[in-house]
Every structure is written in structure tokens, then in C-alpha cells.
Amino acid sequence: QVQLTESGGGLVQAGGSLRLSCAASGRTFSEYAVGWFRQPPGKERDFVASISYRGGSSHYADSAEGRFTISRDNAKNTVYLQINGLKPEDTATYYCAAARGTWYHGPSMTGPGKYDVWGQGTQVTVSS
């Protein structure tokens, strides 16, 4: 089973950009679809985006369309989440999660329960 470590969070001004990284240990990373979730303070953890095993397909929450881009580099065992035009409401802890399997269907991968492995999260704070 892989282990996940997020990085790239920080304090940024509204309008800025960040690229979050999710680094995985293990040799079987390409057998996992990966999702990004975020949890604002005092709120539930919400789906942001997911990507298929080799990166050919992806799916976004409606709130993420246009400003968020998920990508992966299996040679580096890393999935990325590029966030542009950051807004104060993007302030949250961002988590990546991995789901092992053989079939990817983006709309089916929005629930936290679909994922087997979680990282510890990285904090993103956007100031106005």
C-alpha cells in the first residue's frame, strides 16, 4: 500500500497561485487513482478533483472547474493540484487520497469513502 505526503501549502494573497504536491511511496502508484479533497475550518471534507491511474482522465467538483488543475507524474510518484486565482474561500486543509483499482470513473470518485489511503494534509490560507 502506498503512503501519501502532501506539500506546497502556505499563506498567499487572494489572486495568487499555488501548486500542491502529493508524493507517494511504493512502486505501485500507477495502480491508484488519486483525489484531492479540502476541509475548511469547522466544515466537512469536500471533493475537489480526481485523476485516473495514468492521468488520462480527470474529474472536478463544480466549484473547482476553471481554477484548479490536477495532474500526475507516475515516474515521480507525484500528483499535483494547481490552483490559480486563489480566493479567501479556498482557505482549507487540502488532502490527497488514493484509491486502488482497475477502473476509473470520475463522477464515481467524489466520496471520501472511495479512497483507501490518505495523506496528512497541507494547509492553504488565502488572505484578502
# chains A, B, ... in the order shown; residues from 1 in each chain; ligands from 1

call {"tool": "select_by_dssp", "arguments": {"residues": "chain A", "states": "helix (DSSP H, G or I)", "output": "PyMOL selection string"}}
result
chain A and resi 29-31+62-64+74-76+88-90+106-108+112-114

call {"tool": "write_last_selection", "arguments": {"atoms": "N, CA and C atoms", "output": "PDB file, in the first residue's frame"}}
result
ATOM      1  N   PHE A  29       2.248   2.963  -7.544  1.00  0.00           N
ATOM      2  CA  PHE A  29       1.461   4.197  -7.559  1.00  0.00           C
ATOM      3  C   PHE A  29       0.541   4.276  -8.764  1.00  0.00           C
ATOM      4  N   SER A  30       0.967   3.749  -9.884  1.00  0.00           N
ATOM      5  CA  SER A  30       0.142   3.802 -11.096  1.00  0.00           C
ATOM      6  C   SER A  30      -1.106   2.936 -10.996  1.00  0.00           C
ATOM      7  N   GLU A  31      -1.221   2.134  -9.947  1.00  0.00           N
ATOM      8  CA  GLU A  31      -2.408   1.321  -9.726  1.00  0.00           C
ATOM      9  C   GLU A  31      -3.464   2.055  -8.902  1.00  0.00           C
ATOM     10  N   ASP A  62     -17.736  21.058  -9.231  1.00  0.00           N
ATOM     11  CA  ASP A  62     -18.190  22.270  -9.939  1.00  0.00           C
ATOM     12  C   ASP A  62     -17.440  23.503  -9.445  1.00  0.00           C
ATOM     13  N   SER A  63     -17.178  23.542  -8.153  1.00  0.00           N
ATOM     14  CA  SER A  63     -16.517  24.708  -7.566  1.00  0.00           C
ATOM     15  C   SER A  63     -15.063  24.815  -7.981  1.00  0.00           C
ATOM     16  N   ALA A  64     -14.502  23.737  -8.524  1.00  0.00           N
ATOM     17  CA  ALA A  64     -13.094  23.717  -8.899  1.00  0.00           C
ATOM     18  C   ALA A  64     -12.867  23.924 -10.387  1.00  0.00           C
ATOM     19  N   ASN A  74       3.697   9.776 -12.888  1.00  0.00           N
ATOM     20  CA  ASN A  74       3.928   8.482 -12.238  1.00  0.00           C
ATOM     21  C   ASN A  74       5.409   8.143 -12.131  1.00  0.00           C
ATOM     22  N   ALA A  75       6.221   8.707 -13.000  1.00  0.00           N
ATOM     23  CA  ALA A  75       7.662   8.475 -12.893  1.00  0.00           C
ATOM     24  C   ALA A  75       8.215   9.080 -11.602  1.00  0.00           C
ATOM     25  N   LYS A  76       7.538  10.126 -11.125  1.00  0.00           N
ATOM     26  CA  LYS A  76       7.939  10.775  -9.880  1.00  0.00           C
ATOM     27  C   LYS A  76       7.027  10.413  -8.717  1.00  0.00           C
ATOM     28  N   PRO A  88     -10.246  33.839  -0.765  1.00  0.00           N
ATOM     29  CA  PRO A  88     -10.282  33.526   0.681  1.00  0.00           C
ATOM     30  C   PRO A  88     -11.083  32.271   0.988  1.00  0.00           C
ATOM     31  N   GLU A  89     -12.121  32.013   0.222  1.00  0.00           N
ATOM     32  CA  GLU A  89     -12.930  30.815   0.476  1.00  0.00           C
ATOM     33  C   GLU A  89     -12.219  29.519   0.104  1.00  0.00           C
ATOM     34  N   ASP A  90     -11.043  29.622  -0.505  1.00  0.00           N
ATOM     35  CA  ASP A  90     -10.240  28.421  -0.771  1.00  0.00           C
ATOM     36  C   ASP A  90      -9.427  28.012   0.456  1.00  0.00           C
ATOM     37  N   GLY A 106     -14.682   9.158 -13.079  1.00  0.00           N
ATOM     38  CA  GLY A 106     -14.573  10.359 -12.281  1.00  0.00           C
ATOM     39  C   GLY A 106     -15.765  10.664 -11.402  1.00  0.00           C
ATOM     40  N   PRO A 107     -16.964  10.720 -11.961  1.00  0.00           N
ATOM     41  CA  PRO A 107     -18.129  11.060 -11.130  1.00  0.00           C
ATOM     42  C   PRO A 107     -18.372  10.071  -9.987  1.00  0.00           C
ATOM     43  N   SER A 108     -17.792   8.883 -10.079  1.00  0.00           N
ATOM     44  CA  SER A 108     -17.965   7.891  -9.018  1.00  0.00           C
ATOM     45  C   SER A 108     -16.916   8.023  -7.927  1.00  0.00           C
ATOM     46  N   PRO A 112     -15.369  10.508  -0.061  1.00  0.00           N
ATOM     47  CA  PRO A 112     -14.169  10.111   0.693  1.00  0.00           C
ATOM     48  C   PRO A 112     -14.062   8.601   0.907  1.00  0.00           C
ATOM     49  N   GLY A 113     -15.187   7.938   1.006  1.00  0.00           N
ATOM     50  CA  GLY A 113     -15.180   6.501   1.248  1.00  0.00           C
ATOM     51  C   GLY A 113     -14.654   5.677   0.090  1.00  0.00           C
ATOM     52  N   LYS A 114     -14.479   6.291  -1.063  1.00  0.00           N
ATOM     53  CA  LYS A 114     -13.950   5.563  -2.227  1.00  0.00           C
ATOM     54  C   LYS A 114     -12.436   5.380  -2.139  1.00  0.00           C
TER      55      LYS A 114
END

call {"tool": "residues_around", "arguments": {"residues": "Tyr94 (chain A)", "least_positions_apart": "2", "cutoff": "6 Å", "atoms": "only C-alpha atoms", "output": "PyMOL selection string"}}
result
chain A and resi 37-38+121-122

call {"tool": "residues_around", "arguments": {"residues": "Thr28 (chain A)", "least_positions_apart": "5", "cutoff": "10 Å", "atoms": "only C-alpha atoms", "output": "ChimeraX atom specification"}}
result
/A:1-2,74,77,100

call {"tool": "write_last_selection", "arguments": {"atoms": "N, CA and C atoms", "output": "mmCIF file, in the first residue's frame"}}
result
data_model
loop_
_atom_site.group_PDB
_atom_site.id
_atom_site.type_symbol
_atom_site.label_atom_id
_atom_site.label_comp_id
_atom_site.auth_asym_id
_atom_site.auth_seq_id
_atom_site.Cartn_x
_atom_site.Cartn_y
_atom_site.Cartn_z
ATOM 1 N N GLN A 1 0.841 -1.190 0.000
ATOM 2 C CA GLN A 1 0.000 0.000 0.000
ATOM 3 C C GLN A 1 0.882 1.249 0.000
ATOM 4 N N VAL A 2 0.478 2.267 -0.716
ATOM 5 C CA VAL A 2 1.263 3.486 -0.764
ATOM 6 C C VAL A 2 1.014 4.336 0.465
ATOM 7 N N ASN A 74 3.697 9.776 -12.888
ATOM 8 C CA ASN A 74 3.928 8.482 -12.238
ATOM 9 C C ASN A 74 5.409 8.143 -12.131
ATOM 10 N N ASN A 77 6.084 9.516 -8.965
ATOM 11 C CA ASN A 77 5.131 9.121 -7.912
ATOM 12 C C ASN A 77 4.460 10.328 -7.276
ATOM 13 N N ARG A 100 -7.117 2.271 -4.909
ATOM 14 C CA ARG A 100 -6.556 1.224 -5.760
ATOM 15 C C ARG A 100 -7.659 0.544 -6.546
#

call {"tool": "residues_around", "arguments": {"residues": "Arg19 (chain A)", "least_positions_apart": "4", "cutoff": "8 Å", "atoms": "only C-alpha atoms", "output": "list in words"}}
result
Gly8, Gly9, Tyr80, Leu81, Gln82 and Ile83 of chain A

call {"tool": "select_by_dssp", "arguments": {"residues": "region 46-98 of chain A", "states": "strand (DSSP E or B)", "output": "PyMOL selection string"}}
result
chain A and resi 46-51+58-60+68-73+78-83+92-98

call {"tool": "write_last_selection", "arguments": {"atoms": "C-alpha atoms", "output": "short mmCIF file (atom, residue, chain, number, x, y, z; two decimals), in the first residue's frame"}}
result
data_model
loop_
_atom_site.label_atom_id
_atom_site.label_comp_id
_atom_site.auth_asym_id
_atom_site.auth_seq_id
_atom_site.Cartn_x
_atom_site.Cartn_y
_atom_site.Cartn_z
CA ASP A 46 -15.24 18.16 0.26
CA PHE A 47 -14.12 16.67 -3.02
CA VAL A 48 -12.04 18.90 -5.28
CA ALA A 49 -10.66 16.79 -8.14
CA SER A 50 -9.53 13.30 -9.07
CA ILE A 51 -7.31 11.76 -11.71
CA SER A 58 -9.82 13.68 -14.55
CA HIS A 59 -12.91 14.99 -12.85
CA TYR A 60 -13.57 18.20 -10.93
CA PHE A 68 -7.97 24.02 -10.39
CA THR A 69 -5.93 21.60 -12.47
CA ILE A 70 -4.98 18.11 -11.37
CA SER A 71 -2.12 16.25 -12.98
CA ARG A 72 0.23 13.40 -12.20
CA ASP A 73 3.72 12.19 -12.99
CA THR A 78 3.51 12.52 -7.57
CA VAL A 79 0.13 14.09 -8.18
CA TYR A 80 -0.24 17.85 -8.39
CA LEU A 81 -3.05 20.30 -7.82
CA GLN A 82 -2.51 23.68 -9.43
CA ILE A 83 -4.75 26.39 -8.00
CA ALA A 92 -8.71 24.92 3.94
CA THR A 93 -6.60 21.92 4.72
CA TYR A 94 -6.04 20.08 1.45
CA TYR A 95 -5.76 16.31 1.46
CA CYS A 96 -4.82 13.87 -1.23
CA ALA A 97 -6.15 10.34 -1.21
CA ALA A 98 -5.53 7.22 -3.28
#

call {"tool": "closest_residue", "arguments": {"among": "A:Asn84, A:Thr125, A:Thr102, A:Thr110", "to": "Trp36 (chain A)", "atoms": "only C-alpha atoms"}}
result
A:Thr110

call {"tool": "atom_distance", "arguments": {"atom1": "CA of Asp116 (chain A)", "atom2": "CA of Ala99 (chain A)"}}
result
5.2 Å

call {"tool": "closest_residue", "arguments": {"among": "A:Gly55, A:Val117, A:Glu44, A:Val124", "to": "Ala24 (chain A)", "atoms": "only C-alpha atoms"}}
result
A:Val117

call {"tool": "atom_distance", "arguments": {"atom1": "CA of Pro41 (chain A)", "atom2": "CA of Ser128 (chain A)"}}
result
16.7 Å

call {"tool": "residues_around", "arguments": {"residues": "Gly16 (chain A)", "least_positions_apart": "5", "cutoff": "10 Å", "atoms": "only C-alpha atoms", "output": "list in words"}}
result
Leu11, Ile83, Asn84, Gly85, Leu86, Lys87, Val126 and Ser127 of chain A

call {"tool": "write_last_selection", "arguments": {"atoms": "N, CA, C and O atoms", "output": "PDB file, in the first residue's frame"}}
result
ATOM      1  N   LEU A  11       0.588  30.459   3.000  1.00  0.00           N
ATOM      2  CA  LEU A  11      -0.211  31.682   3.096  1.00  0.00           C
ATOM      3  C   LEU A  11       0.012  32.492   1.826  1.00  0.00           C
ATOM      4  O   LEU A  11       1.156  32.843   1.506  1.00  0.00           O
ATOM      5  N   ILE A  83      -3.620  25.529  -8.339  1.00  0.00           N
ATOM      6  CA  ILE A  83      -4.752  26.387  -8.003  1.00  0.00           C
ATOM      7  C   ILE A  83      -4.383  27.807  -8.397  1.00  0.00           C
ATOM      8  O   ILE A  83      -3.412  28.374  -7.905  1.00  0.00           O
ATOM      9  N   ASN A  84      -5.167  28.367  -9.284  1.00  0.00           N
ATOM     10  CA  ASN A  84      -4.960  29.747  -9.730  1.00  0.00           C
ATOM     11  C   ASN A  84      -6.090  30.647  -9.234  1.00  0.00           C
ATOM     12  O   ASN A  84      -7.176  30.168  -8.897  1.00  0.00           O
ATOM     13  N   GLY A  85      -5.828  31.939  -9.199  1.00  0.00           N
ATOM     14  CA  GLY A  85      -6.868  32.871  -8.784  1.00  0.00           C
ATOM     15  C   GLY A  85      -7.421  32.561  -7.409  1.00  0.00           C
ATOM     16  O   GLY A  85      -8.630  32.552  -7.195  1.00  0.00           O
ATOM     17  N   LEU A  86      -6.523  32.312  -6.456  1.00  0.00           N
ATOM     18  CA  LEU A  86      -6.964  31.898  -5.123  1.00  0.00           C
ATOM     19  C   LEU A  86      -7.886  32.929  -4.491  1.00  0.00           C
ATOM     20  O   LEU A  86      -7.689  34.150  -4.645  1.00  0.00           O
ATOM     21  N   LYS A  87      -8.880  32.430  -3.780  1.00  0.00           N
ATOM     22  CA  LYS A  87      -9.864  33.242  -3.095  1.00  0.00           C
ATOM     23  C   LYS A  87      -9.841  32.918  -1.608  1.00  0.00           C
ATOM     24  O   LYS A  87      -9.467  31.803  -1.231  1.00  0.00           O
ATOM     25  N   VAL A 126      -5.642  31.786   2.405  1.00  0.00           N
ATOM     26  CA  VAL A 126      -5.691  32.865   1.425  1.00  0.00           C
ATOM     27  C   VAL A 126      -6.161  34.130   2.120  1.00  0.00           C
ATOM     28  O   VAL A 126      -7.261  34.167   2.678  1.00  0.00           O
ATOM     29  N   SER A 127      -5.350  35.155   2.080  1.00  0.00           N
ATOM     30  CA  SER A 127      -5.705  36.429   2.704  1.00  0.00           C
ATOM     31  C   SER A 127      -6.343  37.353   1.676  1.00  0.00           C
ATOM     32  O   SER A 127      -5.990  37.339   0.496  1.00  0.00           O
TER      33      SER A 127
END

call {"tool": "atom_distance", "arguments": {"atom1": "CA of Gln39 (chain A)", "atom2": "CA of His105 (chain A)"}}
result
23.1 Å

call {"tool": "closest_residue", "arguments": {"among": "A:Gly66, A:Gly101, A:Gly15, A:Gly42", "to": "Tyr115 (chain A)", "atoms": "only C-alpha atoms"}}
result
A:Gly101
